[in-house]
$ cat model-v6.csv   # CSV, C-alpha atoms
chain,number,residue,atom,x,y,z
A,1,MET,CA,0.0,0.0,0.0
A,2,LYS,CA,1.2,3.5,-0.8
A,3,VAL,CA,0.7,6.6,1.2
A,4,ARG,CA,-1.7,8.0,-1.4
A,5,ASP,CA,-4.0,5.0,-0.8
A,6,VAL,CA,-4.7,6.0,2.8
A,7,LEU,CA,-5.8,9.6,2.0
A,8,ASP,CA,-9.5,8.9,1.6
A,9,MET,CA,-9.4,6.0,4.1
A,10,VAL,CA,-8.5,8.4,7.0
A,11,GLU,CA,-10.3,11.4,5.5
A,12,CYS,CA,-7.1,13.5,5.6
A,13,THR,CA,-5.8,16.5,3.8
A,14,VAL,CA,-2.2,16.6,2.5
A,15,GLU,CA,-0.6,19.5,4.4
A,16,ALA,CA,2.9,19.1,2.9
A,17,GLY,CA,5.4,16.6,1.6
A,18,THR,CA,3.5,15.6,-1.6
A,19,SER,CA,6.7,14.3,-3.1
A,20,GLY,CA,6.5,11.4,-0.7
A,21,LEU,CA,3.0,10.2,-1.5
A,22,ASP,CA,4.3,7.1,-3.4
A,23,ASN,CA,6.2,6.0,-0.3
A,24,GLU,CA,5.4,2.4,0.6
A,25,VAL,CA,3.5,1.9,3.9
A,26,LYS,CA,5.0,-1.2,5.5
A,27,CYS,CA,3.6,-1.0,9.0
A,28,GLY,CA,2.1,1.5,11.5
A,29,TYR,CA,3.1,3.1,14.7
A,30,ALA,CA,1.1,5.3,17.1
A,31,SER,CA,2.6,7.5,19.9
A,32,ASP,CA,2.8,11.1,21.0
A,33,LEU,CA,6.2,10.9,22.7
A,34,LEU,CA,8.7,11.6,20.0
A,35,SER,CA,11.5,9.9,22.0
A,36,ASP,CA,9.4,6.8,21.9
A,37,VAL,CA,8.9,7.0,18.2
A,38,MET,CA,12.7,7.5,17.7
A,39,ALA,CA,13.3,4.4,19.7
A,40,HIS,CA,10.6,2.1,18.4
A,41,ALA,CA,9.2,3.1,15.0
A,42,ARG,CA,10.9,1.6,11.9
A,43,ASP,CA,11.6,2.4,8.3
A,44,GLY,CA,8.4,2.5,6.3
A,45,ASP,CA,6.0,3.0,9.2
A,46,ILE,CA,3.0,5.3,8.9
A,47,TRP,CA,2.9,7.3,12.2
A,48,VAL,CA,-0.3,8.4,13.8
A,49,THR,CA,0.0,11.2,16.4
A,50,VAL,CA,-1.5,14.4,17.9
A,51,GLN,CA,1.8,16.1,18.1
A,52,ALA,CA,2.3,18.8,15.4
A,53,HIS,CA,5.6,20.4,16.4
A,54,GLU,CA,8.2,20.7,13.7
A,55,ASN,CA,10.3,18.1,15.5
A,56,ILE,CA,7.9,15.4,14.1
A,57,ILE,CA,9.6,15.9,10.7
A,58,ALA,CA,13.1,15.5,12.1
A,59,VAL,CA,12.0,12.3,13.8
A,60,ALA,CA,10.3,11.0,10.6
A,61,THR,CA,13.4,11.7,8.6
A,62,LEU,CA,15.6,10.1,11.2
A,63,VAL,CA,13.6,6.9,11.3
A,64,GLY,CA,12.6,6.8,7.7
A,65,LEU,CA,8.9,6.9,8.2
A,66,ALA,CA,6.5,6.6,5.2
A,67,ALA,CA,4.2,9.4,6.4
A,68,ILE,CA,2.8,11.2,9.4
A,69,VAL,CA,-0.9,11.4,10.2
A,70,VAL,CA,-1.7,14.3,12.6
A,71,ALA,CA,-5.0,13.2,14.0
A,72,GLY,CA,-7.8,14.9,16.1
A,73,GLY,CA,-8.0,18.1,14.0
A,74,VAL,CA,-4.8,19.4,15.5
A,75,GLU,CA,-3.3,22.3,13.5
A,76,CYS,CA,0.1,21.6,12.0
A,77,GLN,CA,2.7,24.2,12.8
A,78,PRO,CA,3.8,26.2,9.7
A,79,GLU,CA,7.4,25.2,10.4
A,80,ALA,CA,6.4,21.5,10.4
A,81,ALA,CA,4.8,21.9,7.0
A,82,ARG,CA,7.9,23.8,5.6
A,83,ARG,CA,10.2,21.0,6.8
A,84,ALA,CA,7.9,18.3,5.5
A,85,ASP,CA,8.2,19.8,2.0
A,86,GLU,CA,12.0,20.0,2.3
A,87,GLU,CA,12.3,16.4,3.5
A,88,GLY,CA,9.6,14.9,1.3
A,89,ILE,CA,7.7,13.5,4.2
A,90,PRO,CA,3.9,13.4,3.6
A,91,LEU,CA,2.3,15.4,6.4
A,92,LEU,CA,-1.4,14.3,6.5
A,93,ARG,CA,-4.0,16.0,8.7
A,94,THR,CA,-7.4,14.6,9.7
A,95,ARG,CA,-10.3,15.6,12.0
A,96,LEU,CA,-10.7,11.9,12.9
A,97,PRO,CA,-9.3,11.0,16.4
A,98,ALA,CA,-6.2,8.9,16.5
A,99,PHE,CA,-8.0,5.7,17.6
A,100,GLU,CA,-10.3,5.9,14.5
A,101,VAL,CA,-7.4,6.5,12.2
A,102,VAL,CA,-5.5,3.5,13.5
A,103,GLY,CA,-8.6,1.3,13.3
A,104,ARG,CA,-9.2,2.2,9.7
A,105,LEU,CA,-5.5,1.5,8.8
A,106,TYR,CA,-5.6,-1.8,10.6
A,107,ALA,CA,-8.8,-2.8,8.9
A,108,ALA,CA,-7.1,-2.1,5.6
A,109,GLY,CA,-4.3,-4.4,6.4
A,110,VAL,CA,-1.7,-2.1,8.0
A,111,ARG,CA,-0.2,-3.9,11.0
A,112,GLY,CA,2.0,-2.8,14.0
A,113,ARG,CA,5.3,-4.5,14.5
A,114,THR,CA,4.7,-7.1,17.1
A,115,GLY,CA,8.3,-8.5,17.2
A,116,SER,CA,10.8,-6.9,19.5
B,1,MET,CA,32.6,37.2,42.9
B,2,GLU,CA,31.0,34.7,45.3
B,3,VAL,CA,29.5,31.3,45.2
B,4,TYR,CA,25.8,31.1,45.6
B,5,LEU,CA,24.1,27.8,46.2
B,6,ALA,CA,20.9,27.8,44.2
B,7,ASP,CA,17.6,26.0,43.8
B,8,LEU,CA,15.9,27.5,40.8
B,9,HIS,CA,12.8,25.3,40.7
B,10,VAL,CA,10.7,25.5,43.8
B,11,HIS,CA,6.8,25.4,44.0
B,12,THR,CA,4.6,27.1,46.5
B,13,ALA,CA,1.2,26.1,47.9
B,14,LEU,CA,-0.3,27.8,44.8
B,15,SER,CA,0.6,24.6,42.8
B,16,PRO,CA,-2.2,22.1,43.5
B,17,CYS,CA,0.3,19.3,43.6
B,18,ALA,CA,2.5,21.1,46.3
B,19,GLU,CA,2.1,20.7,50.0
B,20,ALA,CA,0.3,23.5,52.0
B,21,GLU,CA,3.5,23.9,54.0
B,22,MET,CA,5.1,25.6,51.0
B,23,ALA,CA,4.4,29.1,52.3
B,24,PRO,CA,6.8,32.0,51.6
B,25,PRO,CA,8.4,32.3,55.1
B,26,ALA,CA,8.8,28.5,55.4
B,27,ILE,CA,10.4,28.3,52.0
B,28,VAL,CA,13.0,30.9,52.5
B,29,ARG,CA,13.7,29.7,56.1
B,30,THR,CA,14.3,26.2,54.8
B,31,ALA,CA,16.5,27.5,51.9
B,32,ALA,CA,18.6,29.4,54.4
B,33,GLN,CA,19.0,26.4,56.6
B,34,GLN,CA,20.2,24.4,53.5
B,35,GLY,CA,22.7,27.2,52.6
B,36,VAL,CA,20.7,28.1,49.5
B,37,ARG,CA,21.0,31.8,48.9
B,38,LEU,CA,19.3,31.9,45.5
B,39,LEU,CA,15.8,30.6,44.8
B,40,GLY,CA,13.7,30.4,41.7
B,41,ILE,CA,10.0,30.3,42.4
B,42,CYS,CA,8.1,28.5,39.6
B,43,ASP,CA,4.5,27.4,40.1
B,44,HIS,CA,2.5,25.7,37.4
B,45,ASN,CA,1.3,28.3,34.9
B,46,SER,CA,1.1,31.1,37.5
B,47,ALA,CA,3.4,33.5,39.3
B,48,GLU,CA,0.9,34.8,41.9
B,49,ASN,CA,3.0,33.8,44.9
B,50,ALA,CA,6.5,34.5,43.6
B,51,PRO,CA,6.7,38.2,44.6
B,52,ALA,CA,5.6,37.2,48.2
B,53,VAL,CA,8.5,34.7,48.4
B,54,ALA,CA,10.9,37.4,47.1
B,55,GLU,CA,9.6,39.7,49.9
B,56,ALA,CA,10.0,37.1,52.5
B,57,GLY,CA,13.5,36.3,51.3
B,58,VAL,CA,14.9,39.8,52.0
B,59,ALA,CA,15.0,39.3,55.8
B,60,ALA,CA,16.2,35.7,55.5
B,61,GLY,CA,19.1,36.7,53.2
B,62,VAL,CA,17.7,34.6,50.3
B,63,ALA,CA,17.4,36.2,46.9
B,64,VAL,CA,14.5,35.1,44.8
B,65,ILE,CA,14.0,35.1,41.0
B,66,CYS,CA,10.4,35.1,40.0
B,67,GLY,CA,9.2,32.7,37.4
B,68,MET,CA,6.7,30.3,36.2
B,69,GLU,CA,6.6,26.7,35.1
B,70,VAL,CA,4.7,26.8,31.8
B,71,GLN,CA,3.1,23.8,30.3
B,72,THR,CA,3.2,24.0,26.5
B,73,ARG,CA,0.7,22.5,24.1
B,74,GLU,CA,3.2,19.6,23.6
B,75,ASP,CA,2.9,18.8,27.3
B,76,VAL,CA,6.5,20.1,27.8
B,77,HIS,CA,7.3,21.9,31.1
B,78,VAL,CA,9.4,25.1,30.6
B,79,LEU,CA,10.7,27.3,33.4
B,80,THR,CA,10.4,31.0,32.5
B,81,PHE,CA,12.1,33.7,34.6
B,82,PHE,CA,11.7,37.5,34.7
B,83,ASP,CA,13.6,40.3,36.2
B,84,ASN,CA,10.8,42.9,36.4
B,85,SER,CA,7.3,42.5,37.8
B,86,ARG,CA,5.6,44.2,34.8
B,87,ALA,CA,7.0,41.6,32.4
B,88,LEU,CA,6.1,38.8,34.8
B,89,LEU,CA,2.6,40.1,35.1
B,90,ARG,CA,2.2,40.5,31.4
B,91,TRP,CA,3.4,37.0,30.8
B,92,GLN,CA,1.0,35.7,33.5
B,93,GLU,CA,-1.9,37.4,31.7
B,94,GLU,CA,-0.9,35.7,28.4
B,95,ILE,CA,-0.6,32.4,30.1
B,96,TYR,CA,-4.0,32.7,31.8
B,97,ALA,CA,-5.6,33.6,28.4
B,98,SER,CA,-4.2,30.5,26.8
B,99,LEU,CA,-5.2,28.0,29.5
B,100,PRO,CA,-8.5,26.1,29.2
B,101,ASP,CA,-11.1,27.7,31.4
B,102,VAL,CA,-11.5,24.9,33.8
B,103,GLU,CA,-12.3,25.4,37.5
B,104,ASN,CA,-10.1,23.8,40.1
B,105,ASP,CA,-11.6,20.9,42.0
B,106,GLU,CA,-9.9,21.4,45.4
B,107,ALA,CA,-11.1,18.2,46.9
B,108,ARG,CA,-9.7,16.0,44.2
B,109,LEU,CA,-6.8,18.0,42.8
B,110,GLY,CA,-5.5,20.1,45.7
B,111,GLU,CA,-5.7,23.7,46.8
B,112,GLU,CA,-4.3,26.6,44.9
B,113,LEU,CA,-3.5,29.1,47.7
B,114,ILE,CA,-2.5,32.7,47.2
B,115,LEU,CA,-0.3,33.7,50.1
B,116,ASP,CA,1.4,36.9,51.3
B,117,SER,CA,5.0,37.2,52.5
B,118,ARG,CA,4.0,36.2,56.0
B,119,GLY,CA,2.3,33.1,54.8
B,120,VAL,CA,-1.3,34.4,55.4
B,121,VAL,CA,-3.8,33.0,52.9
B,122,ARG,CA,-5.1,35.9,50.8
B,123,GLY,CA,-7.2,33.9,48.5
B,124,ARG,CA,-7.6,30.8,46.3
B,125,LEU,CA,-7.2,30.6,42.5
B,126,ARG,CA,-10.4,29.5,40.9
B,127,ARG,CA,-8.7,28.5,37.7
B,128,PHE,CA,-7.2,25.0,37.4
B,129,LEU,CA,-3.4,25.4,36.8
B,130,LEU,CA,-2.3,21.8,35.9
B,131,ALA,CA,-3.2,22.0,32.2
B,132,SER,CA,-1.5,22.7,28.9
B,133,THR,CA,-1.6,26.2,27.5
B,134,SER,CA,-2.3,26.5,23.8
B,135,MET,CA,1.2,27.9,23.2
B,136,SER,CA,3.8,25.9,21.3
B,137,ILE,CA,7.2,25.6,23.0
B,138,ASP,CA,8.6,27.8,20.2
B,139,HIS,CA,6.1,30.5,20.9
B,140,VAL,CA,7.0,30.4,24.6
B,141,GLY,CA,10.7,30.7,23.7
B,142,ARG,CA,10.2,33.6,21.4
B,143,ARG,CA,7.7,35.5,23.6
B,144,VAL,CA,9.7,35.1,26.9
B,145,ARG,CA,12.8,36.4,25.1
B,146,GLU,CA,10.8,39.4,23.8
B,147,LEU,CA,9.8,40.1,27.3
B,148,GLY,CA,13.4,40.0,28.5
B,149,GLY,CA,13.0,36.6,30.3
B,150,LEU,CA,15.0,33.4,30.6
B,151,VAL,CA,13.9,30.1,29.1
B,152,VAL,CA,14.9,26.8,30.8
B,153,PRO,CA,13.1,23.6,29.8
B,154,ALA,CA,12.4,21.7,33.0
B,155,HIS,CA,13.6,18.2,34.1
B,156,VAL,CA,14.5,17.2,30.5
B,157,ASP,CA,15.6,13.8,31.8
B,158,ARG,CA,12.2,12.8,33.2
B,159,PRO,CA,9.8,10.3,31.6
B,160,SER,CA,7.0,12.9,31.4
B,161,PHE,CA,6.5,16.6,30.7
B,162,SER,CA,10.0,16.7,29.4
B,163,LEU,CA,11.3,18.4,26.3
B,164,ILE,CA,13.5,15.4,25.4
B,165,ARG,CA,10.9,12.8,26.2
B,166,ASN,CA,8.1,14.5,24.4
B,167,LEU,CA,9.8,16.1,21.5
B,168,GLY,CA,12.9,14.0,21.1
B,169,LEU,CA,15.3,16.7,20.2
B,170,ILE,CA,15.9,20.3,21.2
B,171,PRO,CA,14.0,22.3,18.6
B,172,PRO,CA,16.6,24.1,16.5
B,173,GLY,CA,15.1,27.6,16.9
B,174,LEU,CA,14.4,27.4,20.6
B,175,ARG,CA,17.9,28.4,21.9
B,176,PRO,CA,17.2,27.8,25.6
B,177,ASP,CA,19.3,29.7,28.2
B,178,ALA,CA,19.9,26.4,30.0
B,179,LEU,CA,18.4,23.0,30.4
B,180,GLU,CA,17.2,21.7,33.8
B,181,VAL,CA,18.1,18.2,34.9
B,182,SER,CA,16.7,16.3,37.9
B,183,PRO,CA,19.0,15.7,40.9
B,184,ARG,CA,18.5,11.9,40.6
B,185,ILE,CA,20.3,12.0,37.3
B,186,GLY,CA,22.6,15.0,37.7
B,187,ALA,CA,24.5,16.9,35.0
B,188,ARG,CA,27.3,14.4,34.2
B,189,ARG,CA,25.0,11.5,33.7
B,190,ALA,CA,22.5,13.6,31.7
B,191,ARG,CA,25.3,14.5,29.3
B,192,GLU,CA,26.1,10.8,28.9
B,193,MET,CA,22.5,9.7,28.5
B,194,PHE,CA,21.3,12.5,26.3
B,195,PRO,CA,23.6,13.6,23.5
B,196,GLN,CA,20.9,16.3,22.7
B,197,VAL,CA,22.0,18.4,25.7
B,198,ALA,CA,25.5,19.0,24.3
B,199,GLY,CA,26.4,22.6,24.1
B,200,PHE,CA,23.8,23.9,26.6
B,201,PRO,CA,24.4,24.9,30.2
B,202,ILE,CA,22.8,22.6,32.7
B,203,VAL,CA,21.2,23.5,36.0
B,204,VAL,CA,20.2,20.9,38.5
B,205,SER,CA,17.2,21.9,40.6
B,206,SER,CA,14.9,20.2,43.1
B,207,ASP,CA,11.4,20.8,41.6
B,208,ALA,CA,10.5,20.9,45.3
B,209,HIS,CA,6.8,20.4,46.1
B,210,ARG,CA,7.5,20.1,49.9
B,211,LEU,CA,10.0,21.8,52.2
B,212,SER,CA,12.2,18.7,52.7
B,213,GLU,CA,13.0,18.7,48.9
B,214,ILE,CA,14.5,22.2,48.8
B,215,ARG,CA,18.3,21.8,48.2
B,216,GLY,CA,21.2,23.6,46.5
B,217,HIS,CA,22.1,21.2,43.7
B,218,THR,CA,23.7,23.9,41.6
B,219,ALA,CA,26.3,26.6,42.5
B,220,PHE,CA,26.5,29.9,40.7
B,221,TYR,CA,29.6,32.1,40.7
B,222,LEU,CA,28.2,35.6,40.7
B,223,ARG,CA,28.9,39.2,41.7
B,224,GLN,CA,25.4,39.4,43.2
B,225,PRO,CA,22.4,37.0,43.4
B,226,THR,CA,20.3,38.8,40.8
B,227,PHE,CA,18.4,37.8,37.6
B,228,GLU,CA,20.9,39.7,35.4
B,229,GLU,CA,23.9,38.0,37.0
B,230,VAL,CA,22.3,34.6,36.6
B,231,ARG,CA,21.7,35.4,32.9
B,232,LEU,CA,25.4,36.3,32.5
B,233,ALA,CA,26.5,33.2,34.4
B,234,LEU,CA,24.4,31.0,32.0
B,235,ALA,CA,26.2,32.7,29.2
B,236,SER,CA,29.6,32.2,31.0
B,237,ALA,CA,30.2,35.9,30.7
B,238,GLY,CA,32.8,37.9,32.6
B,239,GLY,CA,34.1,35.0,34.7
B,240,ARG,CA,30.7,34.1,36.0
B,241,ALA,CA,29.8,30.4,36.0
B,242,VAL,CA,27.1,27.8,36.7
B,243,LEU,CA,28.4,24.6,38.3
B,244,PRO,CA,26.0,21.7,39.0
B,245,ILE,CA,27.2,19.8,42.1
B,246,GLU,CA,27.7,16.1,41.5

$ encode --input "model-v6.csv" --output "structure tokens"
Amino acid sequence: MKVRDVLDMVECTVEAGTSGLDNEVKCGYASDLLSDVMAHARDGDIWVTVQAHENIIAVATLVGLAAIVVAGGVECQPEAARRADEEGIPLLRTRLPAFEVVGRLYAAGVRGRTGS
Amino acid sequence: MEVYLADLHVHTALSPCAEAEMAPPAIVRTAAQQGVRLLGICDHNSAENAPAVAEAGVAAGVAVICGMEVQTREDVHVLTFFDNSRALLRWQEEIYASLPDVENDEARLGEELILDSRGVVRGRLRRFLLASTSMSIDHVGRRVRELGGLVVPAHVDRPSFSLIRNLGLIPPGLRPDALEVSPRIGARRAREMFPQVAGFPIVVSSDAHRLSEIRGHTAFYLRQPTFEEVRLALASAGGRAVLPIE
């Protein structure tokens, strides 16, 4: 599944980083602590969060995430959008709460990593 | 120049999570007993009691820098310090305006006591203080700098309400004046555990919520125990220095 395939599924708008919409979504990760994402998310994950600080892009780049979904209608900070464009990280925003976003992704076959 | 033992993160009974014993006279008396001659008073999202502690400190020989522990929209705690009361008051108004309008539930969450310099209860804050403001950490940094204040992200080593835990990295534009580390970790271990802190001055403070926690974990080498001298010490200017005690 590619990032562009989840856009309608989670009812999101693409805030920035359109150049990464063909990134392959391998797995999913959900967390609002960026240190936790740095430690446990993996290359190709789609990340669901309510954090919208510019550091989410730095973390996504570091880990090699496929995309970020900012859930719950949280406004993305302008600096986050600017950096998402620079780094080519799709920054998606939805009014749906995080639980619903994860549920829809899971129902469509996106899994979390259950190994250590 | 002289060495001043400091504790720059002390709460008063205004913070709902702090003990009622955290009244201005008791705080400065305890500090003096511990050899602490420089205190920072930082309640959650409010500075209502800080001037009263400063006043109480005069007789006890304890200098007080007035501040506030702001909770940003990212759930990060940031200490903000000010030299003049107009800037502090202005900042407090901005913080109040960006807090959710939730009333404190004293029975469940604790009292928020407004005290004078003698420790007499002058009132109670109606507003619940333990909430996130709608301000981003970057806004807090910019605005406090505009108002002439100091920005010190609190307990960056902690598992919650911490800049490093919540946001992973020090935001590139934040330029904090220092980073605060908890006494249980200390400055040296913090530098080993968190490469992110490299290049920033570190202060170790107690985050005291009760009298027995007040302690001088950091020494400042200053001409006088004032806000401006602390600012210069954090910038290592003119031979001044900040030295966390291991």

$ residues_around --input "model-v6.csv" --residues "segment 67-75 of chain A" --least-positions-apart "4" --cutoff "10 Å" --atoms "all atoms listed in the file" --output "PyMOL selection string"
chain A and resi 2-4+6-7+10+12-15+17+20-21+23-25+28-30+44-53+56-57+60-61+84+88-102

$ atom_distance --input "model-v6.csv" --atom1 "atom CA of Met9 of chain A" --atom2 "atom CA of Ala58 of chain A"
25.7 Å

$ residues_around --input "model-v6.csv" --residues "Asp75 of chain B" --least-positions-apart "6" --cutoff "10 Å" --atoms "only C-alpha atoms" --output "ChimeraX atom specification"
/A:32-33,51 /B:131-134,136-137,160-163,166-167

$ closest_residue --input "model-v6.csv" --among "A:Leu105, A:Leu65, A:Ala39, A:Ala81" --to "chain B" --atoms "only C-alpha atoms"
A:Ala39

$ closest_residue --input "model-v6.csv" --among "B:Ala219, B:Ile185, B:Met22, B:Leu125" --to "Glu106 of chain B" --atoms "only C-alpha atoms"
B:Leu125

$ atom_distance --input "model-v6.csv" --atom1 "atom CA of Leu39 of chain B" --atom2 "atom CA of Ala241 of chain B"
16.5 Å

$ atom_distance --input "model-v6.csv" --atom1 "atom CA of Ile245 of chain B" --atom2 "atom CA of Ala6 of chain B"
10.4 Å

$ residues_around --input "model-v6.csv" --residues "Arg189 of chain B" --least-positions-apart "5" --cutoff "10 Å" --atoms "all atoms listed in the file" --output "list in words"
Asp157, Val181, Arg184, Phe194 and Glu246 of chain B
